[in-house]
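Engineer: My questions all concern the structure below.
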Amino acid sequence: MIENPPEKSDEEYAKLMYIEMIKSMVSGTAFGDMERSVHGYVGPGKKNAGDFSIEERKKGIDWAYIADTMTGYARLDNVRDLLMDVLKNNVEGGYIETGVWRGGSSIFARAVLAAFGATDRISYVCDSFAGLPPGDRSLDKADLNWDNTPYLEVSSETVASSFNKFGLLDNNVIFAKGFFVDSIPILSKHIDKLSIMRLDGDMYESTVDVLYFLYGKLSIGGYCIQSSFFPTLAYLKVHKINPEIVQIDQNSAYWKKTEDVEIQFWRYEQSKFKE
């Protein structure tokens, strides 16, 4: 008989094992060799699927074939750890993910909330559910061609069905559909507080749309998780925010919000995001 680690009760150990099970399923590692590793790229054309590399998947450096997320273990574990922290410390607010693809990371976050009896907190699932925007706002040249990648286009019906298959779709899971320049300003009017923001919109414009409208909603003691740090560093600099930025893996980092700042919204209105 395997005994639980002495520092954890049977109940807490069971919760953590449930979370690990969901992690293995949304990441595809539970499927073993039935899963494939897709070596993706931005642009049209068929994506090449090769033998599954569990090490690449754990590191989040391949694209998923049948799995619900390509996030990788380090980033999923980070979502778990930060959610447990805000629950432990009673940091108010919901969880938002902007840029969800097939929804796996948001499903995983909802599973963590469910495990700890916190489904009264709202999960915001935000995406165009039709791929990425055309990148024609001339904010950054790297924004071009993301819209020409059909592999990244997943419908809201597909994502909702995935939530449902895990038994995690309820009235506190809110879908916000549309390019962020259109959807986030509207959504922000309906959000009181957030405890965790996870930004995974890939593009410069998608990142600033979220930061300028929603960072002010993030509670003190809450966390902002980022995958696109070039626009984020500019945002922090112009607002004189100097957080301790913690690297998660080669593609992502996060920081803890410790102070409120006045958002320089005129920069968003004039597209002057850098000093």
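The way I read the labels, and the way they are meant: chains A, B, ... in the order of the structure tokens, residue 1 as the first residue of every chain, and ligand 1 as the first ligand shown, with later ones counted on from there.
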Where does segment 95-127 of chain A meet segment 83-87 of chain A within 10 Å, residue by residue, with the nearest atom pair and distance in Å to one decimal for each, counting only C-alpha atoms, listed by chain and rising number, as a tab-separated table?

Structural biologist:
```
residue	atom	partner	partner_atom	distance
A:Tyr95	CA	A:Leu83	CA	8.5
A:Ala109	CA	A:Leu83	CA	7.7
A:Arg110	CA	A:Leu83	CA	9.8
A:Val112	CA	A:Leu83	CA	7.3
A:Leu113	CA	A:Leu83	CA	7.5
A:Phe116	CA	A:Met84	CA	8.3
A:Gly117	CA	A:Leu87	CA	9.9
A:Ala118	CA	A:Leu87	CA	8.0
```

Engineer: Considering only C-alpha atoms, give me a table of residues in segment 181-274 of chain A that are at most 9 Å from segment 170-177 of chain A, with the closest atom pair and distance in Å for each, as CSV.

Structural biologist:
```
residue,atom,partner,partner_atom,distance
A:Ser183,CA,A:Lys177,CA,6.5
A:Ile184,CA,A:Ala176,CA,8.0
A:Leu187,CA,A:Ala176,CA,7.2
```

Engineer: Once DSSP has gone over the backbone, tell me which residues of segment 105-190 of chain A are in strand (DSSP E), as a list of chain:residue names.

Structural biologist: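 Strand (DSSP E) members of segment 105-190 of chain A, listed: A:Ser123, A:Tyr124, A:Val125, A:Cys126, A:Asp127, A:Val173, A:Ile174, A:Phe175, A:Ala176, A:Lys177.
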
Engineer: Include all heavy atoms and write out the residues we just selected as a PDB file, in the first residue's frame.

Structural biologist:
```
ATOM      1  N   SER A 123     -14.844  31.956 -14.455  1.00  0.00           N
ATOM      2  CA  SER A 123     -13.784  31.713 -15.424  1.00  0.00           C
ATOM      3  C   SER A 123     -14.187  32.381 -16.733  1.00  0.00           C
ATOM      4  O   SER A 123     -15.246  32.057 -17.295  1.00  0.00           O
ATOM      5  CB  SER A 123     -13.572  30.219 -15.652  1.00  0.00           C
ATOM      6  OG  SER A 123     -13.064  29.579 -14.508  1.00  0.00           O
ATOM      7  N   TYR A 124     -13.357  33.305 -17.205  1.00  0.00           N
ATOM      8  CA  TYR A 124     -13.610  33.988 -18.472  1.00  0.00           C
ATOM      9  C   TYR A 124     -12.756  33.328 -19.555  1.00  0.00           C
ATOM     10  O   TYR A 124     -11.533  33.245 -19.429  1.00  0.00           O
ATOM     11  CB  TYR A 124     -13.281  35.472 -18.363  1.00  0.00           C
ATOM     12  CG  TYR A 124     -14.119  36.219 -17.349  1.00  0.00           C
ATOM     13  CD1 TYR A 124     -13.648  36.419 -16.055  1.00  0.00           C
ATOM     14  CD2 TYR A 124     -15.373  36.708 -17.687  1.00  0.00           C
ATOM     15  CE1 TYR A 124     -14.416  37.098 -15.114  1.00  0.00           C
ATOM     16  CE2 TYR A 124     -16.148  37.395 -16.756  1.00  0.00           C
ATOM     17  CZ  TYR A 124     -15.660  37.585 -15.470  1.00  0.00           C
ATOM     18  OH  TYR A 124     -16.422  38.256 -14.536  1.00  0.00           O
ATOM     19  N   VAL A 125     -13.409  32.875 -20.615  1.00  0.00           N
ATOM     20  CA  VAL A 125     -12.749  32.151 -21.702  1.00  0.00           C
ATOM     21  C   VAL A 125     -12.850  33.041 -22.944  1.00  0.00           C
ATOM     22  O   VAL A 125     -13.920  33.148 -23.555  1.00  0.00           O
ATOM     23  CB  VAL A 125     -13.431  30.790 -21.932  1.00  0.00           C
ATOM     24  CG1 VAL A 125     -12.701  29.992 -23.006  1.00  0.00           C
ATOM     25  CG2 VAL A 125     -13.503  30.001 -20.622  1.00  0.00           C
ATOM     26  N   CYS A 126     -11.750  33.666 -23.315  1.00  0.00           N
ATOM     27  CA  CYS A 126     -11.794  34.726 -24.329  1.00  0.00           C
ATOM     28  C   CYS A 126     -10.976  34.356 -25.563  1.00  0.00           C
ATOM     29  O   CYS A 126      -9.793  34.012 -25.460  1.00  0.00           O
ATOM     30  CB  CYS A 126     -11.245  36.029 -23.753  1.00  0.00           C
ATOM     31  SG  CYS A 126     -11.982  36.535 -22.186  1.00  0.00           S
ATOM     32  N   ASP A 127     -11.614  34.450 -26.708  1.00  0.00           N
ATOM     33  CA  ASP A 127     -10.944  34.137 -27.968  1.00  0.00           C
ATOM     34  C   ASP A 127     -11.848  34.623 -29.097  1.00  0.00           C
ATOM     35  O   ASP A 127     -13.040  34.861 -28.886  1.00  0.00           O
ATOM     36  CB  ASP A 127     -10.723  32.621 -28.085  1.00  0.00           C
ATOM     37  CG  ASP A 127      -9.573  32.252 -29.010  1.00  0.00           C
ATOM     38  OD1 ASP A 127      -9.703  32.460 -30.228  1.00  0.00           O
ATOM     39  OD2 ASP A 127      -8.538  31.760 -28.516  1.00  0.00           O
ATOM     40  N   VAL A 173     -18.810  29.787 -16.103  1.00  0.00           N
ATOM     41  CA  VAL A 173     -17.839  29.772 -17.201  1.00  0.00           C
ATOM     42  C   VAL A 173     -18.397  30.670 -18.296  1.00  0.00           C
ATOM     43  O   VAL A 173     -19.421  30.353 -18.914  1.00  0.00           O
ATOM     44  CB  VAL A 173     -17.594  28.348 -17.729  1.00  0.00           C
ATOM     45  CG1 VAL A 173     -16.624  28.381 -18.920  1.00  0.00           C
ATOM     46  CG2 VAL A 173     -17.042  27.448 -16.629  1.00  0.00           C
ATOM     47  N   ILE A 174     -17.756  31.810 -18.490  1.00  0.00           N
ATOM     48  CA  ILE A 174     -18.258  32.832 -19.409  1.00  0.00           C
ATOM     49  C   ILE A 174     -17.372  32.890 -20.650  1.00  0.00           C
ATOM     50  O   ILE A 174     -16.158  33.102 -20.554  1.00  0.00           O
ATOM     51  CB  ILE A 174     -18.276  34.219 -18.739  1.00  0.00           C
ATOM     52  CG1 ILE A 174     -19.045  34.168 -17.411  1.00  0.00           C
ATOM     53  CG2 ILE A 174     -18.855  35.264 -19.684  1.00  0.00           C
ATOM     54  CD1 ILE A 174     -20.487  33.794 -17.543  1.00  0.00           C
ATOM     55  N   PHE A 175     -17.980  32.711 -21.822  1.00  0.00           N
ATOM     56  CA  PHE A 175     -17.260  32.811 -23.089  1.00  0.00           C
ATOM     57  C   PHE A 175     -17.407  34.234 -23.636  1.00  0.00           C
ATOM     58  O   PHE A 175     -18.518  34.771 -23.676  1.00  0.00           O
ATOM     59  CB  PHE A 175     -17.812  31.815 -24.100  1.00  0.00           C
ATOM     60  CG  PHE A 175     -17.355  30.400 -23.888  1.00  0.00           C
ATOM     61  CD1 PHE A 175     -17.741  29.685 -22.759  1.00  0.00           C
ATOM     62  CD2 PHE A 175     -16.540  29.773 -24.818  1.00  0.00           C
ATOM     63  CE1 PHE A 175     -17.315  28.378 -22.565  1.00  0.00           C
ATOM     64  CE2 PHE A 175     -16.112  28.466 -24.631  1.00  0.00           C
ATOM     65  CZ  PHE A 175     -16.497  27.766 -23.499  1.00  0.00           C
ATOM     66  N   ALA A 176     -16.291  34.832 -24.039  1.00  0.00           N
ATOM     67  CA  ALA A 176     -16.299  36.150 -24.681  1.00  0.00           C
ATOM     68  C   ALA A 176     -15.694  35.980 -26.067  1.00  0.00           C
ATOM     69  O   ALA A 176     -14.505  35.679 -26.207  1.00  0.00           O
ATOM     70  CB  ALA A 176     -15.503  37.152 -23.865  1.00  0.00           C
ATOM     71  N   LYS A 177     -16.520  36.166 -27.084  1.00  0.00           N
ATOM     72  CA  LYS A 177     -16.139  35.847 -28.458  1.00  0.00           C
ATOM     73  C   LYS A 177     -15.855  37.108 -29.258  1.00  0.00           C
ATOM     74  O   LYS A 177     -16.613  38.075 -29.213  1.00  0.00           O
ATOM     75  CB  LYS A 177     -17.259  35.045 -29.120  1.00  0.00           C
ATOM     76  CG  LYS A 177     -16.958  34.540 -30.513  1.00  0.00           C
ATOM     77  CD  LYS A 177     -18.096  33.659 -30.999  1.00  0.00           C
ATOM     78  CE  LYS A 177     -17.817  33.080 -32.375  1.00  0.00           C
ATOM     79  NZ  LYS A 177     -18.910  32.177 -32.838  1.00  0.00           N
TER      80      LYS A 177
END
```

Engineer: Counting only C-alpha atoms, what is within 8 Å of Lys15 of chain A, bar same-chain residues fewer than 3 positions away, as a PDB file with N, CA and C atoms, in the first residue's frame?

Structural biologist:
```
ATOM      1  N   GLU A  11      -7.553  13.963   1.900  1.00  0.00           N
ATOM      2  CA  GLU A  11      -8.413  14.801   1.066  1.00  0.00           C
ATOM      3  C   GLU A  11      -7.597  15.692   0.141  1.00  0.00           C
ATOM      4  N   GLU A  12      -6.563  16.333   0.678  1.00  0.00           N
ATOM      5  CA  GLU A  12      -5.743  17.217  -0.150  1.00  0.00           C
ATOM      6  C   GLU A  12      -4.989  16.417  -1.204  1.00  0.00           C
ATOM      7  N   TYR A  18      -6.427  14.402  -8.608  1.00  0.00           N
ATOM      8  CA  TYR A  18      -7.445  14.748  -9.607  1.00  0.00           C
ATOM      9  C   TYR A  18      -6.891  15.791 -10.576  1.00  0.00           C
ATOM     10  N   ILE A  19      -6.219  16.808 -10.036  1.00  0.00           N
ATOM     11  CA  ILE A  19      -5.644  17.852 -10.873  1.00  0.00           C
ATOM     12  C   ILE A  19      -4.581  17.277 -11.806  1.00  0.00           C
ATOM     13  N   ALA A 115     -11.713  21.491  -7.770  1.00  0.00           N
ATOM     14  CA  ALA A 115     -11.108  20.623  -6.760  1.00  0.00           C
ATOM     15  C   ALA A 115     -11.129  21.257  -5.381  1.00  0.00           C
ATOM     16  N   PHE A 116     -10.992  22.573  -5.347  1.00  0.00           N
ATOM     17  CA  PHE A 116     -10.936  23.276  -4.069  1.00  0.00           C
ATOM     18  C   PHE A 116     -12.251  23.981  -3.729  1.00  0.00           C
TER      19      PHE A 116
END
```

Engineer: Leaving out segment 251-258 of chain A and any residue of its chain fewer than 5 positions from it, which residues lie within 7 Å of it when counting only C-alpha atoms, given as a list in words?

Structural biologist: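 What passes the distance filter is Ile220, Gly221, Gly222, Tyr223, Cys224, Ile225, Gln226, Ser227, Pro243, Glu244, Ile245 and Val246 of chain A.
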
Engineer: Counting only C-alpha atoms, which residues of segment 148-171 of chain A sit at most 12 Å from some atom of segment 24-39 of chain A, and what is each one's closest atom pair with its distance in Å to one decimal, listed by chain and rising residue number, as a tab-separated table?

Structural biologist:
```
residue	atom	partner	partner_atom	distance
A:Tyr151	CA	A:Val38	CA	10.4
A:Val159	CA	A:Val26	CA	11.9
A:Ser162	CA	A:Val26	CA	9.4
A:Phe163	CA	A:Val26	CA	10.4
A:Lys165	CA	A:Val26	CA	11.2
A:Phe166	CA	A:Val26	CA	9.7
```

Engineer: For Asn89 of chain A, which residue out of A:Phe230, A:Asp200, A:Leu139, A:Ser219 is the nearest one, using only C-alpha atoms?

Structural biologist: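 Result for the nearest residue to Asn89 of chain A: A:Ser219.
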
Engineer: Go through A:Asp249, A:Asp182, A:Asp192, A:Glu20 and flag the residue nearest Pro133 of chain A, using only C-alpha atoms for the distances.

Structural biologist: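 For Pro133 of chain A, the nearest of the given residues is A:Asp182.
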
Engineer: Excluding same-chain residues fewer than 4 positions from Gly104 of chain A, what lies within 7 Å of it counting only C-alpha atoms, as a list in words?

Structural biologist: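 After dropping sequence-adjacent residues, the list is Val26, Asp68, Thr69 and Phe108 of chain A.
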
Engineer: Using DSSP assignments from the backbone, pull out every residue in segment 55-237 of chain A that falls under alpha helix (DSSP H) and give it to me as a ChimeraX atom specification.

Structural biologist: /A:55-59,73-88,104-115,156-165,180-188,204-214,229-237

Engineer: Under the rule that only C-alpha atoms are counted, which of A:Ile61, A:Ala111, A:Leu16, A:Val100 is the nearest residue to Leu152 of chain A?

Structural biologist: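 Ranked by minimum distance to Leu152 of chain A, first place goes to A:Val100.
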